[in-house]
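Asks: Here it is: the structure, laid out below.
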Amino acid sequence: MEQPVTESVLSRPSVLRYLGLFGSVCCAVAGLFHGAGPELVRHLSLTSVLQSPYGPLALSLWTVGLAALCVAWWYGIRLTGRGALSVRWIVVTAALWCLPMLVTLPLGSRDLYAYACQGTLYASGGNPYLQGVSSQPCPWLDSMSVIWRDTPTPYGPVFVVFAGLAVAPGSQFLALAVFRALAVVSLVLLAAVLPVLARRAGAPVDRAMWLVLASPLVSVHLVGGGHNDATTMALLVAGMALLAGRSVRAGALVAGGSLLGLAAAVKPTLGVILPFGALLAAGGPALFPPTGSPGGRWRAMGLPEPAALALIFRRGGAVLASALGTLVLLSYASGLGMGWVTALSGANKAVNWTSPMTGAGITVNAIGKWFGLQWDAVPAARVVALILLAVALVAIVWRTRRESPFYGAALACLAVIFLAPITQPWYLTWPAVLLAVTTVPARWFAGTVVLSMFTILPSGDGSFRYLQVPLSFVMTALVVWVAVRAVRWLRRERADTGDAAPEPIGKPGPVPSR
């Protein structure tokens with residue numbers, strides 16, 4: 001049976017490369033018209049942009065550009081694993097898609113301006129974890145989103161120090177260029193270490209490279225938006241690659257753990273992956289025999305045997321100690337201390353439907369208004385989300401103990417994103433690099449990425465601000481659906497009861513021989 005003409009055309013690598021490049025150019029041009037410029041325009045919405053000069057053109061270019069990038073990426077995923085796309089071809093294609101983003105205004109976010117202002121606060125002797133940038137004040141305060149001017153920074157101490165260095169010359173333009181340069185250098189490092197991790201994890205290298213580097217999240221948000229998530233991803237993958245080596249010596253354990261700690265010192269929320277890094281270093285799935293396995297009480301209960309427990313404490317403990325030691329050392333070396341721990345609560349000021357649990361709170365508020373009740377359920381919903389996150393992380397560690405540690409770490413990142421008070425599209429890059437080095441089908445994740453791309457205007461404002469309440473009902477339905485699926489997933493009986501324990505990721509041989 002012959003393929004439809006569209007399917008046939010989109011199965012050609014050259015067509016995908018230039019379709020994505022066309023989309024990237026469209027997005028970059030849209031950014032020149034209505035990107036996040038130095039002058040803040042408040043209360044932008046889809047309607048106000050359409051009524052502004054060049055607004056319809058900018059929105060048309062933005063929509064067409066995103067669609068082209070997403071289609072090219074989506075169809076490229078189908079070509080991976082067949083030998084149709086070489087690693088070099090993927091790297092060149094991803095680079096082409098990123099190039100136009102270097103010559104446009106910041107896209108999809110005003111975070112670059114926030115980085116600059118937080119850097120000036122630190123450079124002047126202030127502590128961004130204890131005070132907002134408006135207390136300085138930042139010379140470029142008018143460029144920064146109003147909601148974040150009086151909140152502490154959510155970023156780690158290493159990035160705060162880097163931001164202070166970036167603003168040292170006193171030029172906002174130069175500071176923004178430095179932040180974008182950091183994103184580009186980080187992506188180059190990521191392109192170098194991701195194939196290593198994919199090979200050691202037993203995942204197709206071309207699939208891993210395409211899922212991550214060619215993702216529209218990378219070109220539009222990490223390069224166009226200049227987000228520090230690119231640095232976090234590179235450090236995370238480098239650390240995991242060291243821990244997944246075939247012969248992991250003490251030096252590699254310390255170095256790998258230190259890189260994970262360094263990643264958390266840029267983006268503290270990524271600390272949730274540390275338990276999975278420890279399990280990976282200790283032997284991964286081979287540590288946990290299937291429930292009911294013969295050979296003793298421990299194996300019968302599916303728990304690690306004493307020898308495996310010793311590995312977890314010795315090797316996993318070395319990774320955790322290195323990661324946490326690095327994070328604490330850098331925190332105090334920066335002069336900021338551990339203030340980032342409490343500063344993460346600053347995200348509570350934003351109320352947006354794109355955060356599922358925040359959307360649930362907005363839904364409860366709307367239902368209350370139907371009955372004449374005036375309450376604010378969002379804070380309560382966020383407290384519930386925090387409790388659920390703690391439970392979810394423990395459950396994920398236990399439930400994925402016999403599976404790839406990368407899969408468990410990806411689920412942990414998704415749990416953080418789902419239950420966080422604020423959710424942004426580029427947060428999906430965290431689980432993306434982890435899922436990319438597994439064999440888990442990625443179509444559901446790719447669909448989520450595509451949908452998220454259309455929720456933000458090039459200026460960084462929400463595309464559907466005036467539909468916040470209706471879309472919150474959609475998010476509430478999603479919360480219910482995910483909750484039901486999660487319970488079923490946790491209760492599902494394992495099909496491998498009585499089978500031999502799987503081999504450790506990247507480390508062949510039985511556990512006792514370690």
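Going through the structure tokens in order, the chains are called A, B, and so on, while each chain numbers its residues from 1 and the ligands are numbered from 1 in the order shown.
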Within 7 Å of region 219-232 of chain A, counting only C-alpha atoms, which residues qualify if same-chain residues fewer than 3 places away don't, as a list in words?

Replies: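 Once the adjacent positions are removed, what remains is Trp97, Cys98, Met101, Leu102, Pro106, Leu107, Gly108, Ser109, Leu112, Phe179, Arg180, Ala183, Val184, Ser186, Leu187, Pro216, Leu235, Leu236, Ala263, Val266, Lys267 and Trp426 of chain A.
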
Asks: Keeping N, CA and C atoms, export the residues of the selection given above as an mmCIF file, in the first residue's frame.

Replies:
```cif
data_model
loop_
_atom_site.group_PDB
_atom_site.id
_atom_site.type_symbol
_atom_site.label_atom_id
_atom_site.label_comp_id
_atom_site.auth_asym_id
_atom_site.auth_seq_id
_atom_site.Cartn_x
_atom_site.Cartn_y
_atom_site.Cartn_z
ATOM 1 N N TRP A 97 18.641 24.969 13.106
ATOM 2 C CA TRP A 97 17.385 25.433 13.691
ATOM 3 C C TRP A 97 17.620 26.437 14.815
ATOM 4 N N CYS A 98 18.774 26.348 15.451
ATOM 5 C CA CYS A 98 19.058 27.257 16.566
ATOM 6 C C CYS A 98 19.636 28.602 16.105
ATOM 7 N N MET A 101 17.644 31.882 16.123
ATOM 8 C CA MET A 101 17.226 32.320 17.454
ATOM 9 C C MET A 101 18.266 33.212 18.127
ATOM 10 N N LEU A 102 19.480 33.252 17.565
ATOM 11 C CA LEU A 102 20.543 34.065 18.152
ATOM 12 C C LEU A 102 20.465 35.524 17.740
ATOM 13 N N PRO A 106 14.616 38.102 22.964
ATOM 14 C CA PRO A 106 14.276 36.927 23.777
ATOM 15 C C PRO A 106 12.870 36.438 23.456
ATOM 16 N N LEU A 107 12.729 35.129 23.348
ATOM 17 C CA LEU A 107 11.461 34.533 22.921
ATOM 18 C C LEU A 107 10.787 33.775 24.053
ATOM 19 N N GLY A 108 9.482 33.967 24.171
ATOM 20 C CA GLY A 108 8.661 33.149 25.048
ATOM 21 C C GLY A 108 8.834 33.396 26.531
ATOM 22 N N SER A 109 9.638 34.377 26.912
ATOM 23 C CA SER A 109 9.896 34.594 28.333
ATOM 24 C C SER A 109 10.707 35.873 28.516
ATOM 25 N N LEU A 112 15.510 36.304 30.824
ATOM 26 C CA LEU A 112 16.844 36.861 30.637
ATOM 27 C C LEU A 112 16.999 38.182 31.379
ATOM 28 N N PHE A 179 24.306 35.324 28.582
ATOM 29 C CA PHE A 179 23.383 34.259 28.991
ATOM 30 C C PHE A 179 23.050 33.349 27.809
ATOM 31 N N ARG A 180 22.841 33.934 26.654
ATOM 32 C CA ARG A 180 22.571 33.116 25.464
ATOM 33 C C ARG A 180 23.798 32.306 25.062
ATOM 34 N N ALA A 183 23.952 29.268 27.109
ATOM 35 C CA ALA A 183 23.017 28.252 26.632
ATOM 36 C C ALA A 183 23.589 27.499 25.437
ATOM 37 N N VAL A 184 24.219 28.221 24.515
ATOM 38 C CA VAL A 184 24.786 27.585 23.325
ATOM 39 C C VAL A 184 25.940 26.666 23.705
ATOM 40 N N SER A 186 26.432 25.233 26.517
ATOM 41 C CA SER A 186 25.862 24.092 27.239
ATOM 42 C C SER A 186 25.289 23.066 26.275
ATOM 43 N N LEU A 187 24.652 23.532 25.204
ATOM 44 C CA LEU A 187 24.094 22.610 24.224
ATOM 45 C C LEU A 187 25.183 21.888 23.445
ATOM 46 N N PRO A 216 11.684 21.382 19.528
ATOM 47 C CA PRO A 216 11.402 22.827 19.459
ATOM 48 C C PRO A 216 11.618 23.522 20.795
ATOM 49 N N LEU A 235 24.992 19.302 32.447
ATOM 50 C CA LEU A 235 25.643 18.791 33.653
ATOM 51 C C LEU A 235 24.998 17.493 34.113
ATOM 52 N N LEU A 236 23.672 17.426 34.017
ATOM 53 C CA LEU A 236 22.939 16.222 34.413
ATOM 54 C C LEU A 236 23.356 15.024 33.558
ATOM 55 N N ALA A 263 24.691 20.515 38.826
ATOM 56 C CA ALA A 263 23.428 20.751 38.107
ATOM 57 C C ALA A 263 22.370 21.306 39.056
ATOM 58 N N VAL A 266 22.620 24.922 39.858
ATOM 59 C CA VAL A 266 22.082 25.820 38.838
ATOM 60 C C VAL A 266 20.562 25.848 38.925
ATOM 61 N N LYS A 267 19.959 24.676 39.059
ATOM 62 C CA LYS A 267 18.500 24.547 39.138
ATOM 63 C C LYS A 267 18.186 23.591 40.291
ATOM 64 N N TRP A 426 9.457 24.956 28.865
ATOM 65 C CA TRP A 426 10.851 24.514 28.834
ATOM 66 C C TRP A 426 11.214 23.611 30.003
#
```

Asks: Find the residues around region 461-468 of chain A up to 9 Å (only C-alpha atoms counted), leave out those fewer than 3 positions away in its own chain, and share them as a PDB file with all heavy atoms, in the first residue's frame.

Replies:
```pdb
ATOM      1  N   HIS A  43       0.146  43.512  30.350  1.00  0.00           N
ATOM      2  CA  HIS A  43      -1.194  43.014  30.031  1.00  0.00           C
ATOM      3  C   HIS A  43      -1.356  42.664  28.549  1.00  0.00           C
ATOM      4  O   HIS A  43      -2.416  42.882  27.946  1.00  0.00           O
ATOM      5  CB  HIS A  43      -2.269  44.026  30.444  1.00  0.00           C
ATOM      6  CG  HIS A  43      -2.156  44.497  31.860  1.00  0.00           C
ATOM      7  ND1 HIS A  43      -2.203  43.611  32.921  1.00  0.00           N
ATOM      8  CD2 HIS A  43      -1.964  45.739  32.389  1.00  0.00           C
ATOM      9  CE1 HIS A  43      -2.058  44.299  34.052  1.00  0.00           C
ATOM     10  NE2 HIS A  43      -1.905  45.576  33.761  1.00  0.00           N
ATOM     11  N   LEU A  44      -0.308  42.125  27.968  1.00  0.00           N
ATOM     12  CA  LEU A  44      -0.422  41.665  26.584  1.00  0.00           C
ATOM     13  C   LEU A  44      -1.274  40.404  26.518  1.00  0.00           C
ATOM     14  O   LEU A  44      -1.210  39.543  27.399  1.00  0.00           O
ATOM     15  CB  LEU A  44       0.960  41.362  26.011  1.00  0.00           C
ATOM     16  CG  LEU A  44       1.687  42.491  25.271  1.00  0.00           C
ATOM     17  CD1 LEU A  44       3.024  41.993  24.770  1.00  0.00           C
ATOM     18  CD2 LEU A  44       0.856  42.995  24.099  1.00  0.00           C
ATOM     19  N   SER A  45      -2.050  40.300  25.487  1.00  0.00           N
ATOM     20  CA  SER A  45      -2.876  39.110  25.271  1.00  0.00           C
ATOM     21  C   SER A  45      -2.973  38.870  23.776  1.00  0.00           C
ATOM     22  O   SER A  45      -2.507  39.682  22.960  1.00  0.00           O
ATOM     23  CB  SER A  45      -4.277  39.305  25.866  1.00  0.00           C
ATOM     24  OG  SER A  45      -4.976  40.324  25.163  1.00  0.00           O
ATOM     25  N   LEU A  46      -3.589  37.777  23.421  1.00  0.00           N
ATOM     26  CA  LEU A  46      -3.766  37.455  22.010  1.00  0.00           C
ATOM     27  C   LEU A  46      -4.528  38.567  21.301  1.00  0.00           C
ATOM     28  O   LEU A  46      -4.186  38.985  20.189  1.00  0.00           O
ATOM     29  CB  LEU A  46      -4.525  36.126  21.895  1.00  0.00           C
ATOM     30  CG  LEU A  46      -4.521  35.417  20.550  1.00  0.00           C
ATOM     31  CD1 LEU A  46      -3.111  35.043  20.135  1.00  0.00           C
ATOM     32  CD2 LEU A  46      -5.396  34.171  20.623  1.00  0.00           C
ATOM     33  N   GLY A 108       9.482  33.967  24.171  1.00  0.00           N
ATOM     34  CA  GLY A 108       8.661  33.149  25.048  1.00  0.00           C
ATOM     35  C   GLY A 108       8.834  33.396  26.531  1.00  0.00           C
ATOM     36  O   GLY A 108       8.218  32.707  27.345  1.00  0.00           O
ATOM     37  N   SER A 109       9.638  34.377  26.912  1.00  0.00           N
ATOM     38  CA  SER A 109       9.896  34.594  28.333  1.00  0.00           C
ATOM     39  C   SER A 109      10.707  35.873  28.516  1.00  0.00           C
ATOM     40  O   SER A 109      11.456  36.288  27.621  1.00  0.00           O
ATOM     41  CB  SER A 109      10.662  33.408  28.921  1.00  0.00           C
ATOM     42  OG  SER A 109      11.171  33.706  30.205  1.00  0.00           O
ATOM     43  N   ASN A 352      -1.540  30.580  37.416  1.00  0.00           N
ATOM     44  CA  ASN A 352      -1.785  30.332  36.000  1.00  0.00           C
ATOM     45  C   ASN A 352      -2.343  28.935  35.810  1.00  0.00           C
ATOM     46  O   ASN A 352      -1.919  27.987  36.486  1.00  0.00           O
ATOM     47  CB  ASN A 352      -0.478  30.494  35.212  1.00  0.00           C
ATOM     48  CG  ASN A 352      -0.721  30.708  33.731  1.00  0.00           C
ATOM     49  OD1 ASN A 352      -1.382  29.903  33.087  1.00  0.00           O
ATOM     50  ND2 ASN A 352      -0.178  31.786  33.190  1.00  0.00           N
ATOM     51  N   TRP A 353      -3.236  28.782  34.868  1.00  0.00           N
ATOM     52  CA  TRP A 353      -3.908  27.509  34.624  1.00  0.00           C
ATOM     53  C   TRP A 353      -2.957  26.425  34.114  1.00  0.00           C
ATOM     54  O   TRP A 353      -3.270  25.232  34.223  1.00  0.00           O
ATOM     55  CB  TRP A 353      -5.026  27.684  33.592  1.00  0.00           C
ATOM     56  CG  TRP A 353      -4.539  28.037  32.208  1.00  0.00           C
ATOM     57  CD1 TRP A 353      -4.312  29.285  31.715  1.00  0.00           C
ATOM     58  CD2 TRP A 353      -4.205  27.127  31.158  1.00  0.00           C
ATOM     59  NE1 TRP A 353      -3.854  29.217  30.420  1.00  0.00           N
ATOM     60  CE2 TRP A 353      -3.781  27.895  30.047  1.00  0.00           C
ATOM     61  CE3 TRP A 353      -4.221  25.740  31.035  1.00  0.00           C
ATOM     62  CZ2 TRP A 353      -3.387  27.338  28.842  1.00  0.00           C
ATOM     63  CZ3 TRP A 353      -3.818  25.171  29.826  1.00  0.00           C
ATOM     64  CH2 TRP A 353      -3.417  25.964  28.745  1.00  0.00           C
ATOM     65  N   THR A 354      -1.782  26.809  33.573  1.00  0.00           N
ATOM     66  CA  THR A 354      -0.885  25.803  33.026  1.00  0.00           C
ATOM     67  C   THR A 354      -0.285  24.897  34.096  1.00  0.00           C
ATOM     68  O   THR A 354       0.246  23.831  33.773  1.00  0.00           O
ATOM     69  CB  THR A 354       0.257  26.471  32.234  1.00  0.00           C
ATOM     70  OG1 THR A 354       0.888  27.445  33.076  1.00  0.00           O
ATOM     71  CG2 THR A 354      -0.288  27.157  30.991  1.00  0.00           C
ATOM     72  N   GLY A 359      -4.471  25.083  38.501  1.00  0.00           N
ATOM     73  CA  GLY A 359      -5.722  25.060  37.737  1.00  0.00           C
ATOM     74  C   GLY A 359      -6.864  24.444  38.522  1.00  0.00           C
ATOM     75  O   GLY A 359      -8.004  24.905  38.443  1.00  0.00           O
ATOM     76  N   ILE A 362      -8.091  27.083  40.868  1.00  0.00           N
ATOM     77  CA  ILE A 362      -8.895  28.075  40.145  1.00  0.00           C
ATOM     78  C   ILE A 362     -10.289  27.515  39.858  1.00  0.00           C
ATOM     79  O   ILE A 362     -11.299  28.237  39.933  1.00  0.00           O
ATOM     80  CB  ILE A 362      -8.188  28.475  38.836  1.00  0.00           C
ATOM     81  CG1 ILE A 362      -6.867  29.177  39.144  1.00  0.00           C
ATOM     82  CG2 ILE A 362      -9.087  29.370  37.989  1.00  0.00           C
ATOM     83  CD1 ILE A 362      -6.000  29.435  37.922  1.00  0.00           C
ATOM     84  N   PHE A 454       2.417  25.974  22.083  1.00  0.00           N
ATOM     85  CA  PHE A 454       1.432  26.968  21.632  1.00  0.00           C
ATOM     86  C   PHE A 454       0.756  27.703  22.786  1.00  0.00           C
ATOM     87  O   PHE A 454      -0.202  28.439  22.566  1.00  0.00           O
ATOM     88  CB  PHE A 454       0.389  26.289  20.750  1.00  0.00           C
ATOM     89  CG  PHE A 454       0.936  25.779  19.449  1.00  0.00           C
ATOM     90  CD1 PHE A 454       1.442  24.494  19.343  1.00  0.00           C
ATOM     91  CD2 PHE A 454       0.985  26.595  18.333  1.00  0.00           C
ATOM     92  CE1 PHE A 454       1.977  24.024  18.153  1.00  0.00           C
ATOM     93  CE2 PHE A 454       1.507  26.129  17.124  1.00  0.00           C
ATOM     94  CZ  PHE A 454       2.008  24.841  17.039  1.00  0.00           C
ATOM     95  N   THR A 455       1.238  27.505  23.999  1.00  0.00           N
ATOM     96  CA  THR A 455       0.612  28.161  25.157  1.00  0.00           C
ATOM     97  C   THR A 455       1.231  29.519  25.480  1.00  0.00           C
ATOM     98  O   THR A 455       0.745  30.216  26.369  1.00  0.00           O
ATOM     99  CB  THR A 455       0.719  27.270  26.412  1.00  0.00           C
ATOM    100  OG1 THR A 455       2.105  27.048  26.727  1.00  0.00           O
ATOM    101  CG2 THR A 455       0.024  25.938  26.187  1.00  0.00           C
ATOM    102  N   ILE A 456       2.290  29.894  24.764  1.00  0.00           N
ATOM    103  CA  ILE A 456       2.998  31.137  25.071  1.00  0.00           C
ATOM    104  C   ILE A 456       3.191  31.959  23.804  1.00  0.00           C
ATOM    105  O   ILE A 456       3.504  31.422  22.740  1.00  0.00           O
ATOM    106  CB  ILE A 456       4.362  30.834  25.732  1.00  0.00           C
ATOM    107  CG1 ILE A 456       4.158  30.285  27.133  1.00  0.00           C
ATOM    108  CG2 ILE A 456       5.240  32.070  25.794  1.00  0.00           C
ATOM    109  CD1 ILE A 456       5.444  30.054  27.898  1.00  0.00           C
ATOM    110  N   LEU A 457       3.018  33.273  23.930  1.00  0.00           N
ATOM    111  CA  LEU A 457       3.266  34.205  22.839  1.00  0.00           C
ATOM    112  C   LEU A 457       4.762  34.515  22.772  1.00  0.00           C
ATOM    113  O   LEU A 457       5.494  34.284  23.743  1.00  0.00           O
ATOM    114  CB  LEU A 457       2.476  35.493  23.066  1.00  0.00           C
ATOM    115  CG  LEU A 457       0.945  35.355  23.082  1.00  0.00           C
ATOM    116  CD1 LEU A 457       0.305  36.674  23.502  1.00  0.00           C
ATOM    117  CD2 LEU A 457       0.436  34.923  21.720  1.00  0.00           C
ATOM    118  N   PRO A 458       5.247  35.050  21.658  1.00  0.00           N
ATOM    119  CA  PRO A 458       6.681  35.362  21.582  1.00  0.00           C
ATOM    120  C   PRO A 458       7.146  36.339  22.647  1.00  0.00           C
ATOM    121  O   PRO A 458       8.317  36.347  23.023  1.00  0.00           O
ATOM    122  CB  PRO A 458       6.844  35.945  20.169  1.00  0.00           C
ATOM    123  CG  PRO A 458       5.468  36.236  19.672  1.00  0.00           C
ATOM    124  CD  PRO A 458       4.552  35.316  20.386  1.00  0.00           C
ATOM    125  N   LEU A 471     -10.021  26.760  30.853  1.00  0.00           N
ATOM    126  CA  LEU A 471      -8.880  25.853  30.728  1.00  0.00           C
ATOM    127  C   LEU A 471      -8.493  25.250  32.072  1.00  0.00           C
ATOM    128  O   LEU A 471      -7.916  24.158  32.120  1.00  0.00           O
ATOM    129  CB  LEU A 471      -7.694  26.591  30.116  1.00  0.00           C
ATOM    130  CG  LEU A 471      -7.862  26.971  28.637  1.00  0.00           C
ATOM    131  CD1 LEU A 471      -6.728  27.851  28.152  1.00  0.00           C
ATOM    132  CD2 LEU A 471      -7.959  25.720  27.774  1.00  0.00           C
ATOM    133  N   SER A 472      -8.808  25.931  33.161  1.00  0.00           N
ATOM    134  CA  SER A 472      -8.568  25.361  34.489  1.00  0.00           C
ATOM    135  C   SER A 472      -9.451  24.141  34.720  1.00  0.00           C
ATOM    136  O   SER A 472      -9.028  23.174  35.373  1.00  0.00           O
ATOM    137  CB  SER A 472      -8.816  26.411  35.573  1.00  0.00           C
ATOM    138  OG  SER A 472      -7.845  27.431  35.517  1.00  0.00           O
ATOM    139  N   PHE A 473     -10.665  24.167  34.185  1.00  0.00           N
ATOM    140  CA  PHE A 473     -11.533  22.985  34.276  1.00  0.00           C
ATOM    141  C   PHE A 473     -10.912  21.815  33.497  1.00  0.00           C
ATOM    142  O   PHE A 473     -10.980  20.658  33.932  1.00  0.00           O
ATOM    143  CB  PHE A 473     -12.920  23.311  33.732  1.00  0.00           C
ATOM    144  CG  PHE A 473     -13.825  23.982  34.737  1.00  0.00           C
ATOM    145  CD1 PHE A 473     -13.775  25.352  34.919  1.00  0.00           C
ATOM    146  CD2 PHE A 473     -14.701  23.239  35.512  1.00  0.00           C
ATOM    147  CE1 PHE A 473     -14.603  25.975  35.845  1.00  0.00           C
ATOM    148  CE2 PHE A 473     -15.520  23.842  36.443  1.00  0.00           C
ATOM    149  CZ  PHE A 473     -15.473  25.224  36.617  1.00  0.00           C
TER     150      PHE A 473
END
```

Asks: How close does region 122-235 of chain A get to region 72-92 of chain A? List, as a Markdown table, each residue of region 122-235 of chain A within 8 Å, its nearest atom pair and the distance in Å to one decimal, counting only C-alpha atoms.

Replies:
```
| residue | atom | partner | partner_atom | distance |
| --- | --- | --- | --- | --- |
| A:Ala191 | CA | A:Val91 | CA | 7.3 |
| A:Pro204 | CA | A:Gly81 | CA | 6.2 |
| A:Val205 | CA | A:Val87 | CA | 7.4 |
| A:Asp206 | CA | A:Val87 | CA | 5.7 |
| A:Arg207 | CA | A:Thr80 | CA | 5.0 |
| A:Met209 | CA | A:Ile90 | CA | 6.9 |
| A:Trp210 | CA | A:Ile90 | CA | 6.3 |
| A:Leu211 | CA | A:Ile77 | CA | 6.9 |
| A:Leu213 | CA | A:Val91 | CA | 7.3 |
| A:Ala214 | CA | A:Trp73 | CA | 6.3 |
| A:Ser215 | CA | A:Trp73 | CA | 6.2 |
| A:Pro216 | CA | A:Trp73 | CA | 7.4 |
```

Asks: Enumerate the residues of region 166-355 of chain A with a DSSP assignment of alpha helix (DSSP H), computed from the backbone, and present them as a PyMOL selection string.

Replies: chain A and resi 166+172-201+205-213+216+229-243+250-264+274-282+297-300+306-311+317-333+340-343

Asks: Give the answer as one residue: which of A:Leu389, A:Arg402, A:Ala436, A:Val351 has the shortest atom-to-atom distance to Ala377 (chain A), using only C-alpha atoms?

Replies: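 Among the listed residues, the smallest separation from Ala377 (chain A) belongs to A:Val351.
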
Asks: For Leu490 (chain A), which residue among A:Gln51, A:Ser143, A:Thr400, A:Ser171 is the nearest when counting only C-alpha atoms?

Replies: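 Smallest separation from Leu490 (chain A) among the options: A:Thr400.
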
Asks: Counting only C-alpha atoms, which residue out of A:Leu386, A:Arg315, A:Met233, A:Ser345 sits closest to Leu428 (chain A)?

Replies: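 Going through A:Leu386, A:Arg315, A:Met233, A:Ser345 one by one, the smallest distance to Leu428 (chain A) is for A:Met233.
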
Asks: Extract, using only C-alpha atoms, all DNA, RNA and protein residues at most 10 Å from region 317-320 of chain A, discarding same-chain residues fewer than 5 positions from it, and format them as a list of chain:residue names.

Replies: A:Gly239, A:Leu243, A:Ala250, A:Gly251, A:Ala252, A:Leu253, A:Val254, A:Ala255, A:Gly256, A:Gly257, A:Ser258, A:Leu259, A:Leu260, A:Gly261, A:Leu274, A:Pro275, A:Phe276, A:Gly277, A:Ala278, A:Leu279, A:Leu280, A:Ala281, A:Ala282, A:Ala310, A:Leu311, A:Ile312, A:Gly325, A:Thr326

Asks: Select, from A:Ser145, A:Thr151, A:Gln374, A:Ser124, the residue with the minimum atom-to-atom distance to Ala168 (chain A), counting only C-alpha atoms.

Replies: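 Closest candidate: A:Ser124.
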
Asks: Can you list, as a list in words, every protein, DNA or RNA residue that comes within 10 Å of Val397 (chain A) when you count only C-alpha atoms, leaving out same-chain residues fewer than 6 positions away?

Replies: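 The filter keeps Ile273, Pro275, Phe276, Leu279, Glu403, Pro405, Gly408, Ala409, Leu411 and Ala412 of chain A.
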
Asks: When you count only C-alpha atoms, which of these residues is closest to Val480 (chain A): A:Pro356, A:Pro152, A:Pro421, A:Gly23?

Replies: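 So, comparing all the options, the nearest one is A:Pro356.
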
Asks: Tell me, as a ChimeraX atom specification, which residues lie within 12 Å of region 59-64 of chain A, counting only C-alpha atoms; anything in the same chain fewer than 2 positions away does not count.

Replies: /A:19-35,45-57,66-71,107-108,220,450,453-459,463

Asks: What would the file look like if the residues just selected were written as an mmCIF file, in the first residue's frame with C-alpha atoms?

Replies:
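And here's selection18.cif as it stands now:
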```cif
data_model
loop_
_atom_site.group_PDB
_atom_site.id
_atom_site.type_symbol
_atom_site.label_atom_id
_atom_site.label_comp_id
_atom_site.auth_asym_id
_atom_site.auth_seq_id
_atom_site.Cartn_x
_atom_site.Cartn_y
_atom_site.Cartn_z
ATOM 1 C CA LEU A 19 11.002 22.631 7.068
ATOM 2 C CA GLY A 20 12.360 23.074 10.595
ATOM 3 C CA LEU A 21 14.744 25.813 9.430
ATOM 4 C CA PHE A 22 11.826 27.618 7.791
ATOM 5 C CA GLY A 23 9.911 27.376 11.076
ATOM 6 C CA SER A 24 12.868 28.660 13.057
ATOM 7 C CA VAL A 25 13.264 31.675 10.762
ATOM 8 C CA CYS A 26 9.535 32.423 11.063
ATOM 9 C CA CYS A 27 9.710 32.351 14.866
ATOM 10 C CA ALA A 28 12.809 34.546 14.893
ATOM 11 C CA VAL A 29 11.167 37.154 12.650
ATOM 12 C CA ALA A 30 8.043 37.055 14.822
ATOM 13 C CA GLY A 31 10.307 37.733 17.783
ATOM 14 C CA LEU A 32 11.704 40.849 16.114
ATOM 15 C CA PHE A 33 8.169 42.219 15.901
ATOM 16 C CA HIS A 34 6.703 41.045 19.206
ATOM 17 C CA GLY A 35 9.404 39.301 21.209
ATOM 18 C CA SER A 45 -2.876 39.110 25.271
ATOM 19 C CA LEU A 46 -3.766 37.455 22.010
ATOM 20 C CA THR A 47 -6.377 40.153 21.373
ATOM 21 C CA SER A 48 -4.104 43.108 22.135
ATOM 22 C CA VAL A 49 -1.329 41.711 19.941
ATOM 23 C CA LEU A 50 -3.753 41.296 17.040
ATOM 24 C CA GLN A 51 -4.786 44.945 17.441
ATOM 25 C CA SER A 52 -1.212 46.235 17.503
ATOM 26 C CA PRO A 53 0.930 47.263 14.502
ATOM 27 C CA TYR A 54 2.378 44.177 12.796
ATOM 28 C CA GLY A 55 0.581 42.043 15.397
ATOM 29 C CA PRO A 56 -1.325 39.851 12.923
ATOM 30 C CA LEU A 57 1.863 39.292 10.902
ATOM 31 C CA LEU A 66 5.982 26.649 15.663
ATOM 32 C CA ALA A 67 3.863 24.336 13.535
ATOM 33 C CA ALA A 68 6.715 23.788 11.077
ATOM 34 C CA LEU A 69 9.228 23.065 13.850
ATOM 35 C CA CYS A 70 6.866 20.687 15.601
ATOM 36 C CA VAL A 71 5.916 18.810 12.408
ATOM 37 C CA LEU A 107 11.461 34.533 22.921
ATOM 38 C CA GLY A 108 8.661 33.149 25.048
ATOM 39 C CA VAL A 220 12.775 28.282 20.715
ATOM 40 C CA VAL A 450 3.893 20.095 20.943
ATOM 41 C CA MET A 453 4.658 25.162 22.505
ATOM 42 C CA PHE A 454 1.432 26.968 21.632
ATOM 43 C CA THR A 455 0.612 28.161 25.157
ATOM 44 C CA ILE A 456 2.998 31.137 25.071
ATOM 45 C CA LEU A 457 3.266 34.205 22.839
ATOM 46 C CA PRO A 458 6.681 35.362 21.582
ATOM 47 C CA SER A 459 6.600 38.116 24.234
ATOM 48 C CA SER A 463 -1.662 32.752 24.663
#
```

Asks: Nearest residue to Leu344 (chain A) out of A:Leu96, A:Ala420, A:Leu393, A:Val178, using only C-alpha atoms?

Replies: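 Among the listed residues, A:Ala420 lies closest to Leu344 (chain A).
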